[in-house]
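Undergrad: Encoded as structure tokens, here's the structure I'll be asking about.
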Amino acid sequence: MSLRLFNSLSRQVETFVPLVPGQVGMYVCGMTIYDFCHVGHARMMMSFDVVQRWLKASGYRVNYVRNITDIDDKIIRRAVERGITIRQLTDEMTQAMHQDIGALGIELPDHEPRATEYVGQMLDMIGRLENKGLAYRASNGDVNYAVRKFEGYGKLSGKSLDQLRAGERVAVDDGKQDPLDFVLWKAAKPEEPADAKYESPFGAGRPGWHIECSAMSCALLGEHFDIHGGGLDLQFPHHENEIAQSEGASGKRFVNYWMHNGFLNVDNEKMSKSLGNFFTIRDVLKSYDGEAVRYFMLRVHYRSPFNYSDAGLDDARQGLRRLYTALDSVDLSGLDSTKINWDQEHAARFKAAMDEDFNTPIAVAVLFDLAAEVNRTRSKEHAVLLKGLGGVLGLLQQEPRAYLQGGAGVGLDVAGIEAAIAARAAAKAAKNFAEADRIRQELLAQGIVLKDSAQGTTWVKA
């Protein structure tokens with residue numbers, strides 16, 4: 001069975017056909033990095049972590065790009081409030097993000113571009129849009145995109161220009177020729193800090209949010225690539241505007257498959273600081289280990305609304321313990337769980353589920369069927385497969401007894417940490433970078449953050 005996925009552009013499930021056989025280029029809109037990541041961010045990054053894992057497990061060579069927005073009004077305000085530079089703030093928050101999502105087993109992308117490193121590419125794209133008559137310089141110094149001059153605007157969101165006009169509002173002196181137009185380059189304001197201002201042919205200023213992702217994705221994946229993902233809240237206007245900019249500049253189709261994960265609620269209400277139901281990943285990890293949170297999220301299909309609750313997490317933790325209990329009943333020493341026979345009945349069912357738009361709830365159900373078989377027969381074959389299929393989802397890779405004795409990281413002593421660091425160093429020396437990264441991710445999932453330097457590798461507890 002071929003991989004099928006839901007394409008937000010066509011609004012239907014389609015057979016996935018990459019531009020280049022055996023290769024996939026995927027861009028996902030990442031974080032605007034001014035504060036700690038919350039569970040909604042975790043849900044988005046988890047969704048596409050699973051996508052890239054399954055693509056790799058299916059034999060594709062994946063070029064996965066997930067950006068960092070490190071210049072933005074909120075970032076500028078927060079840096080000024082704290083009396084630090086924008087770079088100091090974004091470096092601090094990026095490190096925190098890596099610690100938090102690492103604890104959830106979310107792998108780093110192949111490329112993690114920062115917007116401030118691609119301002120030149122953004123200016124080039126804005127220049128091309130201006131030359132084509134799709135961008136204009138406004139009276140207030142901004143450069144705006146002329147939405148009505150791009151044929152097909154609204155094709156991703158399904159919104160017509162007439163529908164969009166119904167809710168239009170124009171701020172006084174915003175310089176727009178049309179309320180639907182959006183900013184490509186924001187003119188600098190006198191009160192803004194110096195590190196928020198970039199020189200350009202359009203005057204000092206900074207890029208608009210939408211142009212950032214167009215420039216970074218095209219620079220790293222080309223002007224036409226396979227998959228673009230992000231949260232459902234980005235479908236309009238962000239992704240709609242990316243299409244208008246990118247296709248307007250290149251004259252080519254921008255992306256073949258658009259993917260969006262569903263919204264996150266807390267106890268069936270939208271997460272909001274004003275409602276007092278706002279949780280950062282760090283908040284959650286104070287009470288639950290990262291793998292339990294990961295498993296909790298994988299029980300829900302990525303396109304479905306996800307309801308976060310302590311009751312759901314408690315149930316997920318018990319479910320994960322049942323899987324580890326099955327593994328703990330069999331000695332798997334020396335057995336390789338990474339080589340999966342996809343013709344085996346359970347593996348074939350797992351594959352069929354994942355090939356049908358990454359259906360993790362059904363895939364997780366297969367894990368429980370395997371666990372039941374292991375509990376009944378003590379079959380090493382089924383236990384190895386359980387661990388192997390769990391690994392495809394980023395689950396069940398810890399020592400079962402250690403996990404069951406208290407959860408991730410409990411009982412891990414200094415000697416164990418140092419032994420893992422030594423094993424990682426040996427793997428790097430042997431150029432087995434996949435194994436080295438696996439060890440680092442495993443330690444990170446247990447709250448151990450490695451810091452490499454010329455003097456060696458040190459560690460801290462997150």
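By order in the structure tokens, chains are A, B, ...; within a chain, residues start at 1; ligands start at 1, following the order shown.
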List the spatial neighbours of range 436-443 of chain A as a VMD selection string - criterion: any atom at most 12 Å away, only C-alpha atoms, same-chain residues fewer than 5 positions off excluded.

TA: chain A and resid 98 to 108 290 to 291 391 394 to 399 408 to 410 412 to 414 416 to 431 448 to 452 457 to 462

Undergrad: Restrict the selected residues to N, CA and C atoms and save them as a compact mmCIF listing (two decimals), in the first residue's frame.

TA:
# COMPACT_ATOMS: atom_id res chain seq x y z
N HIS A 98 14.71 23.53 22.78
CA HIS A 98 15.38 22.26 22.49
C HIS A 98 15.31 21.32 23.70
N GLN A 99 15.49 21.85 24.89
CA GLN A 99 15.40 21.02 26.09
C GLN A 99 13.99 20.45 26.25
N ASP A 100 13.00 21.30 26.08
CA ASP A 100 11.62 20.88 26.33
C ASP A 100 11.13 19.85 25.32
N ILE A 101 11.34 20.13 24.04
CA ILE A 101 10.83 19.18 23.04
C ILE A 101 11.71 17.93 22.99
N GLY A 102 12.99 18.08 23.36
CA GLY A 102 13.85 16.90 23.44
C GLY A 102 13.35 15.93 24.48
N ALA A 103 12.82 16.46 25.59
CA ALA A 103 12.27 15.60 26.63
C ALA A 103 11.05 14.83 26.14
N LEU A 104 10.42 15.31 25.08
CA LEU A 104 9.27 14.62 24.48
C LEU A 104 9.69 13.69 23.34
N GLY A 105 10.99 13.58 23.11
CA GLY A 105 11.47 12.71 22.04
C GLY A 105 11.28 13.29 20.66
N ILE A 106 11.04 14.59 20.56
CA ILE A 106 10.87 15.23 19.26
C ILE A 106 12.26 15.49 18.68
N GLU A 107 12.53 14.90 17.54
CA GLU A 107 13.86 15.00 16.94
C GLU A 107 14.09 16.38 16.31
N LEU A 108 15.35 16.77 16.28
CA LEU A 108 15.69 18.02 15.61
C LEU A 108 15.52 17.87 14.11
N GLY A 290 8.35 12.74 29.93
CA GLY A 290 8.19 13.13 28.53
C GLY A 290 7.60 12.06 27.65
N GLU A 291 7.95 10.79 27.90
CA GLU A 291 7.44 9.73 27.04
C GLU A 291 5.94 9.53 27.25
N GLY A 391 9.53 2.03 18.56
CA GLY A 391 10.62 2.93 18.20
C GLY A 391 10.30 3.79 16.99
N GLY A 394 8.78 6.65 18.31
CA GLY A 394 9.53 7.33 19.35
C GLY A 394 9.17 6.86 20.75
N LEU A 395 8.69 5.62 20.87
CA LEU A 395 8.26 5.06 22.15
C LEU A 395 9.04 3.79 22.49
N LEU A 396 9.02 3.43 23.75
CA LEU A 396 9.45 2.11 24.25
C LEU A 396 10.93 1.81 24.05
N GLN A 397 11.77 2.84 24.04
CA GLN A 397 13.20 2.62 23.83
C GLN A 397 14.00 2.69 25.12
N GLN A 398 13.34 2.94 26.25
CA GLN A 398 14.03 2.94 27.53
C GLN A 398 14.12 1.52 28.10
N GLU A 399 14.98 1.33 29.08
CA GLU A 399 15.06 0.06 29.79
C GLU A 399 13.75 -0.14 30.55
N ALA A 408 10.71 7.98 33.47
CA ALA A 408 11.91 8.41 32.76
C ALA A 408 12.86 9.12 33.69
N GLY A 409 14.10 8.68 33.67
CA GLY A 409 15.16 9.38 34.39
C GLY A 409 15.29 8.94 35.83
N VAL A 410 14.29 8.29 36.42
CA VAL A 410 14.38 7.89 37.81
C VAL A 410 15.38 6.76 37.94
N LEU A 412 18.54 6.85 37.29
CA LEU A 412 19.69 6.99 36.42
C LEU A 412 20.80 7.67 37.20
N ASP A 413 21.90 6.96 37.48
CA ASP A 413 22.96 7.52 38.31
C ASP A 413 24.02 8.17 37.45
N VAL A 414 24.97 8.82 38.13
CA VAL A 414 26.03 9.54 37.44
C VAL A 414 26.86 8.59 36.58
N GLY A 416 25.89 5.91 35.12
CA GLY A 416 25.13 5.57 33.92
C GLY A 416 25.16 6.67 32.89
N ILE A 417 25.09 7.92 33.37
CA ILE A 417 25.15 9.06 32.46
C ILE A 417 26.52 9.11 31.78
N GLU A 418 27.56 8.96 32.58
CA GLU A 418 28.91 9.03 32.01
C GLU A 418 29.17 7.88 31.04
N ALA A 419 28.61 6.71 31.33
CA ALA A 419 28.78 5.58 30.41
C ALA A 419 28.09 5.87 29.09
N ALA A 420 26.89 6.49 29.16
CA ALA A 420 26.18 6.84 27.93
C ALA A 420 26.96 7.88 27.13
N ILE A 421 27.56 8.85 27.83
CA ILE A 421 28.37 9.87 27.15
C ILE A 421 29.58 9.24 26.47
N ALA A 422 30.21 8.28 27.15
CA ALA A 422 31.36 7.59 26.56
C ALA A 422 30.94 6.79 25.33
N ALA A 423 29.77 6.14 25.41
CA ALA A 423 29.28 5.38 24.26
C ALA A 423 28.97 6.30 23.09
N ARG A 424 28.45 7.47 23.40
CA ARG A 424 28.17 8.45 22.34
C ARG A 424 29.46 8.93 21.69
N ALA A 425 30.49 9.19 22.52
CA ALA A 425 31.78 9.61 21.98
C ALA A 425 32.37 8.55 21.07
N ALA A 426 32.24 7.29 21.48
CA ALA A 426 32.75 6.19 20.65
C ALA A 426 32.00 6.10 19.33
N ALA A 427 30.68 6.31 19.40
CA ALA A 427 29.88 6.27 18.17
C ALA A 427 30.28 7.40 17.23
N LYS A 428 30.53 8.59 17.77
CA LYS A 428 30.95 9.72 16.94
C LYS A 428 32.31 9.45 16.31
N ALA A 429 33.22 8.86 17.10
CA ALA A 429 34.56 8.55 16.58
C ALA A 429 34.48 7.55 15.43
N ALA A 430 33.50 6.65 15.52
CA ALA A 430 33.33 5.64 14.47
C ALA A 430 32.46 6.16 13.32
N LYS A 431 32.10 7.48 13.41
CA LYS A 431 31.25 8.13 12.41
C LYS A 431 29.86 7.50 12.33
N ILE A 448 18.43 14.87 30.75
CA ILE A 448 19.87 15.08 30.78
C ILE A 448 20.28 15.81 29.49
N VAL A 449 20.78 17.03 29.64
CA VAL A 449 21.15 17.86 28.49
C VAL A 449 22.67 17.82 28.33
N LEU A 450 23.14 17.41 27.15
CA LEU A 450 24.58 17.35 26.88
C LEU A 450 25.05 18.66 26.28
N LYS A 451 26.25 19.07 26.69
CA LYS A 451 26.87 20.28 26.16
C LYS A 451 28.27 19.93 25.65
N ASP A 452 28.44 20.01 24.33
CA ASP A 452 29.72 19.70 23.70
C ASP A 452 30.58 20.95 23.61
N THR A 457 32.54 16.74 26.60
CA THR A 457 31.10 16.80 26.77
C THR A 457 30.76 16.82 28.25
N THR A 458 29.95 17.80 28.65
CA THR A 458 29.43 17.87 30.00
C THR A 458 27.93 17.71 29.96
N TRP A 459 27.32 17.55 31.12
CA TRP A 459 25.88 17.38 31.16
C TRP A 459 25.27 18.15 32.32
N VAL A 460 23.99 18.50 32.13
CA VAL A 460 23.22 19.15 33.19
C VAL A 460 21.85 18.52 33.21
N LYS A 461 21.20 18.61 34.35
CA LYS A 461 19.82 18.13 34.49
C LYS A 461 18.89 19.26 34.10
N ALA A 462 18.03 19.01 33.12
CA ALA A 462 17.12 20.07 32.65
C ALA A 462 16.10 20.42 33.73

Undergrad: I'd like the contact shell of Phe350 in chain A - 10 Å cut-off, only C-alpha atoms, skipping same-chain residues fewer than 5 positions apart - returned as a PyMOL selection string.

TA: chain A and resi 342+344-345+355+359-360+362-367+389

Undergrad: What's the 12 Å shell around Thr85 in chain A, counting only C-alpha atoms, without same-chain residues fewer than 5 positions away, as a compact mmCIF listing (two decimals) with C-alpha atoms, in the first residue's frame?

TA:
# COMPACT_ATOMS: atom_id res chain seq x y z
CA TYR A 34 10.10 34.86 22.74
CA ASP A 70 13.61 35.33 15.75
CA ILE A 71 12.49 38.82 14.70
CA ILE A 75 10.18 39.40 20.46
CA ILE A 76 11.18 43.06 20.30
CA ARG A 77 8.81 43.98 23.13
CA ARG A 78 9.98 41.13 25.36
CA ALA A 79 13.66 41.92 24.80
CA VAL A 80 13.06 45.58 25.65
CA THR A 90 16.10 34.27 21.19
CA ASP A 91 19.23 32.24 22.02
CA GLU A 92 17.91 31.65 25.53
CA GLU A 192 12.62 50.51 18.25
CA PRO A 193 16.03 49.16 19.31
CA ALA A 194 18.89 49.18 16.82
CA ASP A 195 19.05 45.39 16.60
CA ALA A 196 15.46 45.36 15.27

Undergrad: When you draw a straight line from CA of Arg137 in chain A to CA of Glu223 in chain A, how long is it in Å?

TA: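 A separation of 24.7 Å between them.
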
Undergrad: Excluding Asn261 in chain A and its own-chain neighbours fewer than 5 positions away, which residues fall within 10 Å of it when counting only C-alpha atoms? Please give them as a list in words.

TA: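 Here the qualifying residues turn out to be Arg43, Met44, Met45, Met46, Ser47, Phe48, Gly229, Gly230, Gly231, Leu232, Asp233, Leu234, His301, Tyr302, Arg303, Ser304, Pro305 and Phe306 of chain A.
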
Undergrad: Rank nothing, just name the residue among A:Thr94, A:Ala347, A:Thr377, A:Val284 nearest to Asp310 in chain A, using only C-alpha atoms.

TA: A:Val284

Undergrad: Using only C-alpha atoms, can you tell me which of A:Phe225, A:Phe358, A:Phe182, A:Phe36 comes closest to Thr280 in chain A?

TA: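 Using only C-alpha atoms, Thr280 in chain A sits closest to A:Phe36.
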
Undergrad: Can you pull out the residues contacting Val119 in chain A? Cut-off 12 Å, using only C-alpha atoms, and skip same-chain residues under 6 positions away; I want them as a PyMOL selection string.

TA: chain A and resi 69-71+113+125-126+184-185+197-200+205-209+211-216+219

Undergrad: Can you tell me which residues surround Asn63 in chain A at a distance of at most 9 Å, considering only C-alpha atoms, apart from same-chain residues fewer than 5 positions away, and format the answer as a list in words?

TA: Gln23, Val24, Gly25, Met26, Tyr27, Gln52, Pro109, Asp110, His111, Leu220 and Leu221 of chain A

Undergrad: Write to file, as a compact mmCIF listing (two decimals), in the first residue's frame, the residues of the selection just made, with C-alpha atoms.

TA:
# COMPACT_ATOMS: atom_id res chain seq x y z
CA GLN A 23 13.36 11.89 -1.54
CA VAL A 24 11.09 14.26 0.39
CA GLY A 25 11.47 17.96 1.06
CA MET A 26 9.34 19.10 4.01
CA TYR A 27 9.02 22.54 5.61
CA GLN A 52 9.22 12.69 9.27
CA PRO A 109 15.01 18.85 11.95
CA ASP A 110 17.74 18.59 9.35
CA HIS A 111 17.76 22.39 9.12
CA LEU A 220 16.60 25.38 1.58
CA LEU A 221 14.17 23.23 -0.43
